[in-house]
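upload_19.txt (compact mmCIF, C-alpha atoms)
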# COMPACT_ATOMS: atom_id res chain seq x y z
CA MET A 5 -14.48 -5.97 -4.53
CA LYS A 6 -11.23 -4.90 -6.00
CA ARG A 7 -8.87 -3.40 -3.49
CA LEU A 8 -5.88 -1.20 -3.90
CA MET A 9 -3.11 -0.28 -1.54
CA THR A 10 -0.29 2.02 -2.53
CA LEU A 11 2.70 3.57 -0.87
CA ALA A 12 3.24 6.31 -3.38
CA CYS A 13 6.50 7.84 -2.27
CA LEU A 14 9.34 7.28 0.15
CA ALA A 15 12.27 9.62 -0.40
CA VAL A 16 15.42 9.24 1.69
CA CYS A 17 19.11 9.88 1.84
CA ALA A 18 22.13 9.83 4.20
CA PRO A 19 24.28 7.14 5.82
CA ALA A 20 22.67 4.24 7.64
CA LEU A 21 23.59 5.79 10.99
CA ALA A 22 23.51 9.60 10.93
CA ASP A 23 25.53 11.74 13.31
CA ASP A 24 23.08 13.84 15.35
CA GLY A 25 25.55 14.80 18.09
CA SER A 26 24.29 12.09 20.44
CA ASP A 27 25.98 8.79 21.27
CA VAL A 28 22.66 7.07 22.04
CA ARG A 29 20.93 4.80 19.53
CA TYR A 30 17.89 2.49 19.79
CA VAL A 31 17.42 -1.12 18.70
CA TRP A 32 14.75 -1.53 15.99
CA ALA A 33 15.15 -5.30 15.65
CA ASN A 34 13.04 -7.83 17.53
CA SER A 35 16.32 -9.04 19.02
CA LEU A 36 19.82 -7.80 18.20
CA ILE A 37 22.87 -9.92 19.06
CA LEU A 38 25.67 -8.19 20.93
CA ARG A 39 28.94 -9.96 20.07
CA ALA A 40 32.37 -9.95 21.66
CA LYS A 41 34.06 -8.92 18.38
CA ALA A 42 33.08 -7.35 15.04
CA ASP A 43 32.44 -10.76 13.54
CA GLY A 44 29.23 -12.68 12.93
CA GLN A 45 30.87 -15.83 14.29
CA SER A 46 32.15 -14.15 17.45
CA ALA A 47 30.88 -15.17 20.90
CA GLU A 48 27.44 -13.87 21.86
CA VAL A 49 27.55 -11.44 24.80
CA ALA A 50 23.81 -10.71 25.02
CA ARG A 51 20.61 -10.32 23.02
CA LEU A 52 19.34 -6.76 23.05
CA PRO A 53 15.54 -6.46 22.98
CA TYR A 54 13.42 -4.23 20.74
CA GLY A 55 13.62 -0.66 21.98
CA ALA A 56 16.83 -1.08 23.99
CA ALA A 57 19.13 1.96 24.17
CA VAL A 58 22.83 1.59 23.42
CA THR A 59 25.74 4.03 23.63
CA LEU A 60 28.21 4.23 20.75
CA VAL A 61 31.88 3.73 21.64
CA ALA A 62 34.52 5.57 19.61
CA ASP A 63 37.16 3.29 18.05
CA ALA A 64 40.39 4.04 16.22
CA ALA A 65 39.95 1.08 13.87
CA PRO A 66 37.54 1.59 10.92
CA PRO A 67 34.19 -0.22 11.34
CA ALA A 68 33.67 -3.43 9.36
CA PRO A 69 30.90 -3.20 6.70
CA ARG A 70 27.99 -5.62 6.61
CA ARG A 71 24.69 -6.11 4.75
CA GLU A 72 21.49 -7.84 5.84
CA VAL A 73 18.98 -8.68 3.09
CA LEU A 74 15.31 -8.09 3.93
CA PHE A 75 13.98 -9.63 0.69
CA ARG A 76 14.80 -10.00 -3.00
CA LEU A 77 12.74 -8.78 -5.91
CA ALA A 78 10.59 -11.21 -7.88
CA LYS A 79 11.52 -12.69 -11.26
CA ASN A 80 9.48 -10.16 -13.24
CA ALA A 81 11.35 -7.23 -11.72
CA ALA A 82 13.33 -4.84 -13.90
CA THR A 83 16.42 -6.17 -12.15
CA PRO A 84 15.35 -9.64 -10.85
CA GLY A 85 17.04 -10.82 -7.70
CA ASP A 86 18.02 -7.33 -6.60
CA GLU A 87 18.14 -7.01 -2.85
CA VAL A 88 16.23 -4.70 -0.56
CA ALA A 89 18.73 -4.63 2.27
CA LEU A 90 19.98 -2.84 5.35
CA ASP A 91 23.57 -1.67 4.89
CA GLY A 92 25.71 -0.80 7.86
CA VAL A 93 28.81 -1.66 9.85
CA TRP A 94 29.82 -3.49 12.99
CA ARG A 95 29.53 -0.86 15.71
CA HIS A 96 31.13 -0.92 19.17
CA VAL A 97 28.46 -0.17 21.80
CA ARG A 98 27.70 -0.32 25.49
CA ALA A 99 24.32 -1.62 26.62
CA SER A 100 22.66 -2.85 29.80
CA GLY A 101 23.55 -6.37 28.66
CA GLY A 102 27.25 -5.57 28.44
CA GLU A 103 29.74 -4.17 25.95
CA GLY A 104 30.46 -5.49 22.47
CA TRP A 105 29.67 -5.17 18.78
CA VAL A 106 26.34 -5.01 16.90
CA PHE A 107 25.23 -4.55 13.29
CA ASP A 108 24.15 -0.89 13.22
CA GLY A 109 21.70 -1.40 10.35
CA TYR A 110 19.13 -2.05 13.08
CA LEU A 111 20.01 1.05 15.12
CA SER A 112 18.16 4.36 14.87
CA ARG A 113 18.46 7.81 16.42
CA TYR A 114 14.81 7.53 17.40
CA PRO A 115 13.14 5.46 20.14
CA THR A 116 10.85 2.68 18.92
CA ARG A 117 7.10 2.50 18.54
CA ARG A 118 5.16 1.96 21.77
CA LEU A 119 3.50 -1.46 21.81
CA SER A 120 0.52 -2.42 23.96
CA SER A 121 1.38 -4.42 27.06
CA ASP A 122 -1.23 -7.10 26.26
CA ARG A 123 0.07 -7.43 22.66
CA ASN A 124 -3.27 -6.25 21.22
CA LYS A 125 -1.98 -4.83 17.92
CA GLU A 126 -4.93 -2.47 17.56
CA ASP A 127 -3.67 -0.63 20.65
CA ASP A 128 -0.10 -0.26 19.33
CA GLU A 129 1.06 3.29 18.64
CA ASP A 130 0.05 4.37 15.12
CA GLU A 131 2.43 6.08 12.72
CA GLY A 132 0.99 9.57 13.14
CA SER A 133 1.21 9.48 16.93
CA PHE A 134 4.68 7.94 16.75
CA ALA A 135 5.93 10.65 14.37
CA GLN A 136 4.54 13.46 16.50
CA ARG A 137 6.22 11.99 19.56
CA VAL A 138 9.69 11.43 18.09
CA PHE A 139 9.85 14.48 15.79
CA GLY A 140 7.88 16.83 18.05
CA ALA A 141 4.70 18.49 16.80
CA LYS A 142 4.95 22.23 16.09
CA THR A 143 1.31 22.42 15.02
CA ALA A 144 -1.34 19.70 15.03
CA TYR A 145 -4.93 19.55 13.78
CA LYS A 146 -7.59 16.84 13.56
CA TRP A 147 -11.18 16.72 12.42
CA LYS A 148 -13.78 14.05 11.66
CA THR A 149 -17.34 14.10 10.44
CA GLY A 150 -19.56 15.04 13.36
CA ASP A 151 -17.12 17.56 14.84
CA GLY A 152 -18.03 21.23 14.83
CA LYS A 153 -17.39 23.32 11.72
CA LYS A 154 -16.41 26.56 13.44
CA SER A 155 -13.02 25.34 14.63
CA GLU A 156 -9.57 26.19 13.27
CA ASP A 157 -9.11 22.47 12.59
CA TYR A 158 -12.04 22.51 10.16
CA ARG A 159 -10.78 25.64 8.43
CA VAL A 160 -7.34 24.06 7.91
CA LEU A 161 -8.99 20.87 6.57
CA ILE A 162 -10.98 22.82 3.96
CA ARG A 163 -7.96 24.89 3.00
CA GLN A 164 -5.80 21.81 2.49
CA THR A 165 -8.24 19.41 0.84
CA LYS A 166 -10.52 21.86 -1.03
CA MET A 167 -13.50 19.76 0.11
CA THR A 168 -17.03 21.12 -0.07
CA ASP A 169 -19.35 21.23 2.93
CA LYS A 170 -21.35 18.37 1.41
CA GLN A 171 -18.27 16.20 1.03
CA THR A 172 -17.31 16.61 4.67
CA ARG A 173 -20.53 14.80 5.64
CA GLU A 174 -19.29 11.57 4.05
CA GLU A 175 -17.39 10.01 6.99
CA VAL A 176 -14.23 12.08 6.75
CA ASN A 177 -11.36 11.52 9.20
CA TRP A 178 -8.35 13.86 8.89
CA GLU A 179 -5.18 14.76 10.80
CA TYR A 180 -2.34 17.13 10.02
CA ALA A 181 0.85 18.08 11.89
CA GLU A 182 4.05 19.99 11.24
CA PHE A 183 7.17 18.90 13.10
CA LYS A 184 9.64 20.96 15.10
CA GLY A 185 12.59 19.39 13.27
CA GLY A 186 11.00 19.98 9.86
CA GLY A 187 8.55 18.04 7.73
CA SER A 188 4.86 17.29 8.09
CA TYR A 189 2.27 14.52 8.48
CA ARG A 190 -1.15 14.17 6.89
CA MET A 191 -3.76 11.43 7.31
CA PHE A 192 -7.02 11.46 5.36
CA SER A 193 -9.78 8.87 5.00
CA ASN A 194 -13.16 9.21 3.36
CA GLN A 195 -16.18 6.95 2.86
CA ALA A 196 -17.87 8.42 -0.21
CA GLY A 197 -21.61 8.25 -0.84
CA GLY A 198 -21.17 5.53 -3.47
CA GLY A 199 -19.48 3.25 -0.95
CA MET A 200 -15.88 3.75 -2.10
CA PHE A 201 -13.46 3.99 0.83
CA THR A 202 -10.10 5.74 0.41
CA SER A 203 -7.37 6.40 2.90
CA SER A 204 -3.92 7.96 2.69
CA ILE A 205 -1.05 8.77 5.03
CA ASP A 206 1.72 11.15 3.97
CA PHE A 207 4.94 12.09 5.71
CA LYS A 208 6.76 14.88 3.87
CA ASP A 209 10.45 15.75 4.31
CA VAL A 210 10.88 14.15 7.71
CA PRO A 211 14.41 13.77 9.17
CA LEU A 212 15.19 10.11 8.43
CA THR A 213 18.17 8.45 6.79
CA TYR A 214 17.75 5.79 4.11
CA GLY A 215 18.38 3.03 6.65
CA GLU A 216 16.01 4.54 9.20
CA ALA A 217 13.30 4.81 6.52
CA LEU A 218 13.65 1.10 5.72
CA LEU A 219 13.36 0.31 9.44
CA TRP A 220 10.28 2.56 9.60
CA LEU A 221 8.58 0.63 6.79
CA LYS A 222 9.55 -2.68 8.32
CA GLN A 223 8.27 -1.64 11.76
CA PHE A 224 4.87 -0.53 10.43
CA GLY A 225 4.37 -3.45 8.02
CA GLY A 226 5.17 -1.56 4.83
CA PHE A 227 6.90 -4.55 3.24
CA HIS A 228 4.53 -7.24 4.49
CA ALA A 229 2.24 -9.38 2.38
CA ILE A 230 -1.47 -8.56 2.61
CA GLY A 231 -3.77 -11.50 3.13
CA GLY A 232 -0.80 -13.82 3.73
CA LYS A 233 1.06 -15.06 6.77
CA GLU A 234 1.37 -12.34 9.41
CA GLY A 235 4.76 -10.65 9.26
CA ALA A 236 5.75 -12.30 5.98
CA PHE A 237 7.37 -10.10 3.35
CA GLY A 238 5.33 -9.52 0.20
CA LYS A 239 6.31 -10.46 -3.35
CA PHE A 240 7.47 -7.43 -5.30
CA ALA A 241 8.78 -6.55 -8.72
CA GLY A 242 10.57 -3.27 -9.21
CA LYS A 243 13.95 -1.62 -9.24
CA VAL A 244 16.57 -0.98 -6.58
CA GLU A 245 19.44 1.48 -6.47
CA PRO A 246 20.80 0.85 -2.95
CA GLY A 247 20.87 3.91 -0.78
CA LYS A 248 19.19 6.09 -3.41
CA HIS A 249 16.11 4.67 -5.09
CA LEU A 250 13.57 1.92 -4.56
CA GLN A 251 10.49 1.30 -6.68
CA LEU A 252 8.23 -1.66 -5.95
CA GLY A 253 5.13 -3.05 -7.65
CA PRO A 254 3.22 -6.35 -7.57
CA ALA A 255 4.97 -9.52 -8.69
CA ASP A 256 3.38 -11.62 -11.45
CA ASP A 257 2.69 -14.43 -8.99
CA ASP A 258 1.23 -12.19 -6.27
CA ASP A 259 -2.16 -13.77 -5.53
CA SER A 260 -3.11 -11.57 -2.58
CA GLY A 261 -5.81 -9.76 -4.57
CA PHE A 262 -4.24 -6.37 -3.85
CA GLY A 263 -2.21 -3.99 -5.96
CA PHE A 264 0.93 -2.53 -4.44
CA SER A 265 3.30 0.28 -5.25
CA ARG A 266 6.06 1.73 -3.14
CA SER A 267 8.84 4.10 -4.12
CA LEU A 268 11.84 5.65 -2.45
CA ASP A 269 13.98 8.56 -3.68
CA CYS A 270 16.89 10.22 -1.88
CA LYS A 271 17.25 13.77 -0.69
CA PRO A 272 20.20 15.12 1.30
CA SER A 273 18.82 14.47 4.79
CA THR A 274 15.07 13.86 4.71
CA CYS A 275 12.46 11.41 3.50
CA SER A 276 8.85 11.56 2.38
CA ILE A 277 6.60 8.55 2.95
CA SER A 278 3.09 8.05 1.56
CA TYR A 279 0.58 5.23 2.00
CA GLY A 280 -2.75 4.86 0.28
CA PHE A 281 -5.64 2.39 0.40
CA ALA A 282 -8.89 2.11 -1.51
CA ASP A 283 -11.71 -0.42 -1.20

Kindly return the structure encoded in the file as structure tokens.
Amino acid sequence: MKRLMTLACLAVCAPALADDGSDVRYVWANSLILRAKADGQSAEVARLPYGAAVTLVADAAPPAPRREVLFRLAKNAATPGDEVALDGVWRHVRASGGEGWVFDGYLSRYPTRRLSSDRNKEDDEDEGSFAQRVFGAKTAYKWKTGDGKKSEDYRVLIRQTKMTDKQTREEVNWEYAEFKGGGSYRMFSNQAGGGMFTSSIDFKDVPLTYGEALLWLKQFGGFHAIGGKEGAFGKFAGKVEPGKHLQLGPADDDDSGFGFSRSLDCKPSTCSISYGFAD
């Protein structure tokens, strides 16, 4: 059966490391090297684990810029060879492993996703729960087929989706939340009577920088190949305007059997992320 997975929109803007008034940042890399100097060849002080907190240290000298490439676009891209990359600087930090310099492209204002202690990926924190935890939920609703239809959750579902009573009997699963810091989250999946399964996840106008949005996608597998080696980046064609715009589609030699699309567009200080899947 033909399958389709799309990430319809990811809109972001702002520097790689935004100033939120706090000196604390979190490591979103599997392991981030803390070096004695702002130099990739400098002595290694420690390796900071995923989720580690660091404190930024103010320095008179300007930070040294650096780029780390995640992957390059395929040959059939509008601009072949263009890089999807994390841009940042060498940043002076203090951590439990000592004091030194790290590449801040892997630092975020937000703590990382909670992972299961037994490494069972199905028990890892999902994106909706993660977003509600780090952004703070102002309002939250959820409803699935089989739940009562007299609740406020059901009324909000009908108002948002315009579904009929008959349609809500077809294995619907829905969640919606608005965040204290602005933006919203919506998850919707539906197994229609004809057997077609569709699912979508949408984050609208959430407070992420461009760099943090790339880390978000990387953390939740948004750039990974489907049906290939676990954790491997997919093959994409598309167009990149670093820091502003990213549009990705399937490469000519993508043999995964899936169709992909992902796009990113900047706004002053927020991003919108959407995922979709159909089978």

List every residue of region 29-78 of chain A that has an atom at most 9 Å from any atom of region 238-255 of chain A, and for each one report the closest atom pair and its distance in Å to one decimal, counting only C-alpha atoms, with rows sorted by chain and then by increasing residue number, as a tab-separated table.
residue	atom	partner	partner_atom	distance
A:Phe75	CA	A:Gly238	CA	8.7
A:Arg76	CA	A:Phe240	CA	8.1
A:Leu77	CA	A:Ala241	CA	5.3
A:Ala78	CA	A:Ala241	CA	5.1

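Residues within 7 Å of Leu60 (chain A), counting only C-alpha atoms and excluding same-chain residues fewer than 2 positions away, are Asp27, Val28, Val58, Ala62, His96, Val97 and Arg98 of chain A.
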
Revision key, fill the gap. One decimal place gives the CA of Ser112 (chain A)-CA of Phe224 (chain A) separation as 14.8 Å

Exercise for review: Might you pull out every residue within 10 Å of Gln171 (chain A), with all atoms listed in the file counted and same-chain residues fewer than 6 positions away left off, and present them as a PyMOL selection string?
Suggested key: chain A and resi 149+194-197

Review point. Excluding same-chain residues fewer than 5 positions from region 119-129 of chain A, what lies within 12 Å of it counting all atoms listed in the file, as a PyMOL selection string?
Key: chain A and resi 54-55+134-138+223-225+234

Exercise for review: Go through A:Tyr158, A:Tyr180, A:Tyr30, A:Tyr214 and flag the residue nearest Leu111 (chain A), using all atoms listed in the file for the distances.
Suggested key: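 Among the listed residues, the smallest separation from Leu111 (chain A) belongs to A:Tyr30.
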
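In this model, the gap between CA of Lys222 (chain A) and CA of Tyr110 (chain A) comes to 10.7 Å.
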
Review point. Quick one, how far is CA of Trp178 (chain A) from CA of Lys142 (chain A)?
Key: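 That distance, rounded to one decimal, is 17.3 Å.
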
Within 8 Å of Gly101 (chain A), counting all atoms listed in the file, which residues show up once you throw out same-chain ones fewer than 4 positions away? Write them as a PDB file with C-alpha atoms, in the frame of the given file, please.
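Okay, this is what ended up in part_26.pdb:
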ATOM      1  CA  VAL A  49      27.550 -11.440  24.800  1.00  0.00           C
ATOM      2  CA  ALA A  50      23.810 -10.710  25.020  1.00  0.00           C
ATOM      3  CA  ARG A  51      20.610 -10.320  23.020  1.00  0.00           C
ATOM      4  CA  LEU A  52      19.340  -6.760  23.050  1.00  0.00           C
TER       5      LEU A  52
END

Check your understanding: Between A:Glu179, A:Val88, A:Lys154, A:Ser193, which one has atoms that come closest to Phe237 (chain A), using only C-alpha atoms?
Key ->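 Of A:Glu179, A:Val88, A:Lys154, A:Ser193, the one nearest Phe237 (chain A), counting only C-alpha atoms, is A:Val88.
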
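Non-sequential neighbours of region 217-220 of chain A (distance at most 10 Å, separation of 5 or more positions within a chain, all atoms listed in the file) are A:Leu14, A:Ala15, A:Val16, A:Cys17, A:Ala20, A:Trp32, A:Ala33, A:Leu74, A:Val88, A:Ala89, A:Leu90, A:Gly109, A:Tyr110, A:Leu111, A:Ser112, A:Thr116, A:Arg117, A:Glu131, A:Val210, A:Pro211, A:Leu212, A:Gly225, A:Gly226, A:Phe227, A:Leu268, A:Thr274, A:Cys275, A:Ser276, A:Ile277.
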
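Each of A:Gly140, A:Gly44, A:Pro115, A:Gly280 was compared to Glu182 (chain A) using all atoms listed in the file, and A:Gly140 turns out to be the nearest.
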
Check your understanding: In terms of the shortest atom-to-atom distance over only C-alpha atoms, which of A:Glu156, A:Glu103, A:Asp151, A:Glu216 is closest to Asn177 (chain A)?
Key ->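 With only C-alpha atoms as the atom set, the closest residue is A:Asp151.
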